[in-house]
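Shown next: upload-v7.cif, containing mmCIF, C-alpha atoms.
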data_target
#
loop_
_atom_site.label_atom_id
_atom_site.label_comp_id
_atom_site.auth_asym_id
_atom_site.auth_seq_id
_atom_site.Cartn_x
_atom_site.Cartn_y
_atom_site.Cartn_z
CA MET A 1 0.00 0.00 0.00
CA GLU A 2 1.37 3.39 -0.99
CA LYS A 3 1.90 6.00 1.71
CA GLU A 4 -0.53 8.86 1.57
CA GLN A 5 1.22 12.15 0.80
CA VAL A 6 0.20 15.52 2.24
CA ARG A 7 1.44 18.94 1.09
CA HIS A 8 2.61 20.94 4.13
CA PHE A 9 3.24 24.68 3.91
CA MET A 10 5.89 25.35 1.23
CA THR A 11 7.70 22.04 1.59
CA GLU A 12 7.77 18.77 -0.24
CA PRO A 13 4.94 16.32 0.39
CA TYR A 14 5.38 14.36 3.60
CA SER A 15 3.66 11.21 4.81
CA ARG A 16 1.01 11.46 7.49
CA ALA A 17 3.34 9.62 9.89
CA ALA A 18 6.04 12.24 9.34
CA LEU A 19 3.52 15.03 9.99
CA TRP A 20 2.32 13.35 13.20
CA ALA A 21 5.93 12.99 14.30
CA ALA A 22 6.60 16.67 13.59
CA ALA A 23 3.44 17.54 15.54
CA GLY A 24 4.76 15.52 18.49
CA ARG A 25 8.07 17.38 18.36
CA LEU A 26 6.20 20.69 18.38
CA LEU A 27 3.36 19.96 20.80
CA ALA A 28 5.19 17.96 23.50
CA PRO A 29 7.65 20.79 24.34
CA ALA A 30 4.91 23.44 24.11
CA ILE A 31 2.54 21.55 26.43
CA TRP A 32 5.40 20.70 28.81
CA MET A 33 6.41 24.39 28.97
CA GLY A 34 2.82 25.35 29.78
CA LEU A 35 2.71 22.72 32.51
CA LEU A 36 5.92 24.05 34.07
CA MET A 37 4.75 27.66 33.87
CA GLY A 38 1.34 26.90 35.32
CA ILE A 39 2.35 24.56 38.12
CA SER A 40 5.98 25.19 39.04
CA PHE A 41 6.28 28.89 38.38
CA ILE A 42 2.76 30.15 39.21
CA GLU A 43 0.67 27.74 41.31
CA ALA A 44 3.36 26.47 43.69
CA PRO A 45 4.53 29.85 45.02
CA LEU A 46 1.03 31.39 45.10
CA LYS A 47 -0.47 28.43 46.96
CA PHE A 48 1.21 29.53 50.19
CA MET A 49 -0.34 33.01 49.93
CA ALA A 50 -3.90 31.66 50.05
CA PRO A 51 -5.76 32.31 53.31
CA GLY A 52 -5.80 29.35 55.66
CA ILE A 53 -3.01 27.41 53.90
CA THR A 54 -0.46 26.18 56.40
CA ILE A 55 3.01 24.95 55.47
CA PRO A 56 2.07 21.28 56.06
CA LEU A 57 -1.18 21.64 54.09
CA GLY A 58 0.56 23.43 51.20
CA LEU A 59 3.33 20.82 51.13
CA GLY A 60 0.81 17.97 51.15
CA ILE A 61 -1.07 19.50 48.22
CA GLY A 62 2.21 20.19 46.43
CA GLN A 63 3.34 16.60 46.90
CA LEU A 64 0.20 15.33 45.16
CA VAL A 65 0.33 17.91 42.38
CA PHE A 66 4.03 17.50 41.64
CA THR A 67 3.83 13.71 41.66
CA ALA A 68 1.05 13.90 39.06
CA MET A 69 3.01 16.51 37.11
CA ASN A 70 6.09 14.28 37.04
CA TYR A 71 4.05 11.46 35.50
CA VAL A 72 2.77 13.85 32.82
CA GLU A 73 6.34 15.06 32.18
CA ILE A 74 7.49 11.47 31.68
CA VAL A 75 4.69 10.91 29.16
CA LEU A 76 5.56 14.14 27.31
CA PHE A 77 9.22 13.13 27.25
CA ALA A 78 8.23 9.74 25.81
CA VAL A 79 6.13 11.47 23.12
CA LEU A 80 9.11 13.66 22.25
CA VAL A 81 11.44 10.67 22.00
CA LEU A 82 9.00 8.50 20.03
CA SER A 83 8.22 11.33 17.62
CA SER A 84 11.94 11.76 16.97
CA VAL A 85 12.82 8.15 16.14
CA LYS A 86 13.49 7.63 12.41
CA ARG A 87 12.19 11.07 11.51
CA GLY A 88 15.25 12.96 10.26
CA VAL A 89 16.22 14.38 13.64
CA ASP A 90 19.80 15.63 13.71
CA ARG A 91 22.46 15.09 16.37
CA ARG A 92 21.86 18.49 18.00
CA PHE A 93 18.20 17.65 18.59
CA TRP A 94 19.10 14.23 20.01
CA THR A 95 21.65 15.91 22.31
CA LEU A 96 18.91 18.25 23.50
CA ILE A 97 16.54 15.33 24.09
CA GLY A 98 19.32 13.55 25.99
CA GLY A 99 19.85 16.60 28.18
CA LEU A 100 16.12 16.77 28.89
CA GLY A 101 16.14 13.09 29.81
CA VAL A 102 19.09 13.45 32.19
CA VAL A 103 17.60 16.45 34.01
CA LEU A 104 14.14 14.85 34.16
CA LEU A 105 15.63 11.63 35.53
CA ALA A 106 17.58 13.55 38.17
CA LYS A 107 14.46 15.50 39.11
CA VAL A 108 12.18 12.47 39.35
CA ALA A 109 14.58 9.81 40.66
CA LEU A 110 16.88 11.84 42.91
CA ILE A 111 15.36 15.18 43.96
CA ARG A 112 11.65 14.19 44.28
CA PRO A 113 12.30 11.30 46.71
CA LEU A 114 14.35 13.63 48.92
CA LEU A 115 11.58 16.24 48.80
CA SER A 116 8.91 13.63 49.51
CA LYS A 117 10.79 12.38 52.56
CA ARG A 118 11.17 15.92 53.86
CA THR A 119 7.53 16.78 53.08
CA ASP A 120 6.34 13.69 54.96
CA ALA A 121 8.39 14.78 57.98
CA VAL A 122 7.00 18.34 57.87
CA VAL A 123 3.40 17.14 57.43
CA ALA A 124 3.89 14.78 60.39
CA GLY A 125 5.19 17.71 62.47
CA LEU A 126 8.66 16.23 62.87
CA GLU A 127 10.53 19.04 61.06
CA ALA A 128 10.03 22.68 60.17
CA GLY A 129 9.46 23.73 56.55
CA GLY A 130 12.15 25.00 54.22
CA SER A 131 14.81 22.99 52.47
CA MET A 132 17.71 23.51 50.06
CA THR A 133 16.36 20.55 48.10
CA HIS A 134 13.51 22.77 46.87
CA TYR A 135 16.09 24.99 45.18
CA PHE A 136 17.52 21.99 43.32
CA TYR A 137 14.02 21.12 42.12
CA ILE A 138 13.44 24.72 40.99
CA ALA A 139 16.81 24.72 39.20
CA ALA A 140 15.94 21.45 37.44
CA ASP A 141 12.62 22.94 36.30
CA GLY A 142 14.45 26.05 35.08
CA ILE A 143 16.94 23.97 33.08
CA ILE A 144 14.15 21.86 31.61
CA PHE A 145 12.26 25.02 30.67
CA VAL A 146 15.27 26.45 28.81
CA LEU A 147 15.88 23.13 27.02
CA LEU A 148 12.21 23.00 26.02
CA ILE A 149 12.42 26.52 24.56
CA MET A 150 15.43 25.36 22.54
CA ALA A 151 13.65 22.18 21.41
CA LEU A 152 10.59 24.14 20.35
CA ALA A 153 12.68 26.71 18.48
CA MET A 154 14.61 23.96 16.69
CA SER A 155 11.38 22.16 15.80
CA VAL A 156 9.75 25.29 14.42
CA ARG A 157 12.82 26.11 12.30
CA ARG A 158 13.10 22.56 10.99
CA TRP A 159 9.49 21.46 10.52
CA VAL A 160 7.34 24.58 10.29
CA LEU A 161 9.64 27.06 8.55
CA PRO A 162 12.06 24.82 6.62
CA TRP A 163 12.39 27.24 3.71
CA ARG A 164 14.17 29.84 5.89
#

Translate the structure of the given file into structure tokens.
Amino acid sequence: MEKEQVRHFMTEPYSRAALWAAAGRLLAPAIWMGLLMGISFIEAPLKFMAPGITIPLGLGIGQLVFTAMNYVEIVLFAVLVLSSVKRGVDRRFWTLIGGLGVVLLAKVALIRPLLSKRTDAVVAGLEAGGSMTHYFYIAADGIIFVLLIMALAMSVRRWVLPWR
């Protein structure tokens, strides 16, 4: 069966699979950036300004939200990787994906367990709030955000505006 061809912008015809892959390389970083902006950079700091929110309550809510967010990040990373396999992705893009994977792995496998242990202790009243580990998590989110901007810019240049 012959592959169906689709004309895309001012480029040569591409197969539907190639267009879906390009969409994955565009949408996964964009959605991931929105997730980070909404949760990490807006919701998390503002949560503690809400009336009646105590440190243990805010940390308990944050633990649930960030655990769910980490699962979504892993799925978005998988979409990015799968949409890049056998689709003409160059070494620079793979290096960027590798960097994202390393930082995400460090965030989920190293930093989150430390934060969860500390959060459990604060919620149980065994320790006071505040931890340097939060700064590592924020730094990891910042690095991921910058890498996602780069991935999105590279994807737009390569698959949306290839004639430039």

Have a look at A:Ile97, A:Val103, A:Leu27, A:Ile143 and name the one nearest to Val81 in chain A; count all atoms listed in the file. A:Ile97

Spell out the residues picked by the PyMOL selection byres ((chain A and resi 119) around 10) here, as a PDB file with C-alpha atoms, keeping the file's coordinate frame.
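Saved result, expr-v4.pdb, follows:
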ATOM      1  CA  ILE A  55       3.010  24.950  55.470  1.00  0.00           C
ATOM      2  CA  PRO A  56       2.070  21.280  56.060  1.00  0.00           C
ATOM      3  CA  GLY A  58       0.560  23.430  51.200  1.00  0.00           C
ATOM      4  CA  LEU A  59       3.330  20.820  51.130  1.00  0.00           C
ATOM      5  CA  GLY A  60       0.810  17.970  51.150  1.00  0.00           C
ATOM      6  CA  GLY A  62       2.210  20.190  46.430  1.00  0.00           C
ATOM      7  CA  GLN A  63       3.340  16.600  46.900  1.00  0.00           C
ATOM      8  CA  PRO A 113      12.300  11.300  46.710  1.00  0.00           C
ATOM      9  CA  LEU A 114      14.350  13.630  48.920  1.00  0.00           C
ATOM     10  CA  LEU A 115      11.580  16.240  48.800  1.00  0.00           C
ATOM     11  CA  SER A 116       8.910  13.630  49.510  1.00  0.00           C
ATOM     12  CA  LYS A 117      10.790  12.380  52.560  1.00  0.00           C
ATOM     13  CA  ARG A 118      11.170  15.920  53.860  1.00  0.00           C
ATOM     14  CA  ASP A 120       6.340  13.690  54.960  1.00  0.00           C
ATOM     15  CA  ALA A 121       8.390  14.780  57.980  1.00  0.00           C
ATOM     16  CA  VAL A 122       7.000  18.340  57.870  1.00  0.00           C
ATOM     17  CA  VAL A 123       3.400  17.140  57.430  1.00  0.00           C
ATOM     18  CA  ALA A 124       3.890  14.780  60.390  1.00  0.00           C
ATOM     19  CA  GLY A 125       5.190  17.710  62.470  1.00  0.00           C
ATOM     20  CA  LEU A 126       8.660  16.230  62.870  1.00  0.00           C
ATOM     21  CA  GLU A 127      10.530  19.040  61.060  1.00  0.00           C
ATOM     22  CA  ALA A 128      10.030  22.680  60.170  1.00  0.00           C
ATOM     23  CA  GLY A 129       9.460  23.730  56.550  1.00  0.00           C
ATOM     24  CA  GLY A 130      12.150  25.000  54.220  1.00  0.00           C
ATOM     25  CA  SER A 131      14.810  22.990  52.470  1.00  0.00           C
TER      26      SER A 131
END

Two-atom distance - CA of Met49 in chain A, CA of Tyr137 in chain A (Å):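 Answer for the CA of Met49 in chain A to CA of Tyr137 in chain A separation: 20.2 Å.
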
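Residue nearest Pro45 in chain A, chosen from A:Val156, A:Ile144, A:Ile138, A:Val79 and counting all atoms listed in the file: A:Ile138.
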
Quick one: residues within 12 Å of Asp90 in chain A, all atoms listed in the file, excluding same-chain residues fewer than 6 positions away - as a ChimeraX atom specification? /A:84,96-97,151,154-155,158

CA of Ile53 in chain A to CA of Ser40 in chain A: how many Å, to one decimal?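 Rounded to one decimal, the two atoms are 17.5 Å apart.
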
So which one's closest to Asp141 in chain A, A:Leu57, A:Leu100, A:Leu36, A:Ala50? Using only C-alpha atoms, please.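 Of all the options, A:Leu36 lies closest to Asp141 in chain A.
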
Nearest to Val75 in chain A among A:Met37, A:Leu104, A:Ala109, A:Ala139, with distances taken over only C-alpha atoms: which residue is it? A:Leu104

To verify the selection step, state as a ChimeraX atom specification which residues the PyMOL selection byres ((chain A and resi 33) around 12) yields on this input. /A:26-32,34-41,69,72-73,76-77,141-152

Could you please determine the separation between CA of Trp20 in chain A and CA of Ser83 in chain A in Å, to one decimal place? 7.6 Å

Can you work out which one of A:Ile42, A:Leu19, A:Ala140, A:Val85 has the shortest atom-to-atom distance to Gly99 in chain A, counting all atoms listed in the file? A:Ala140
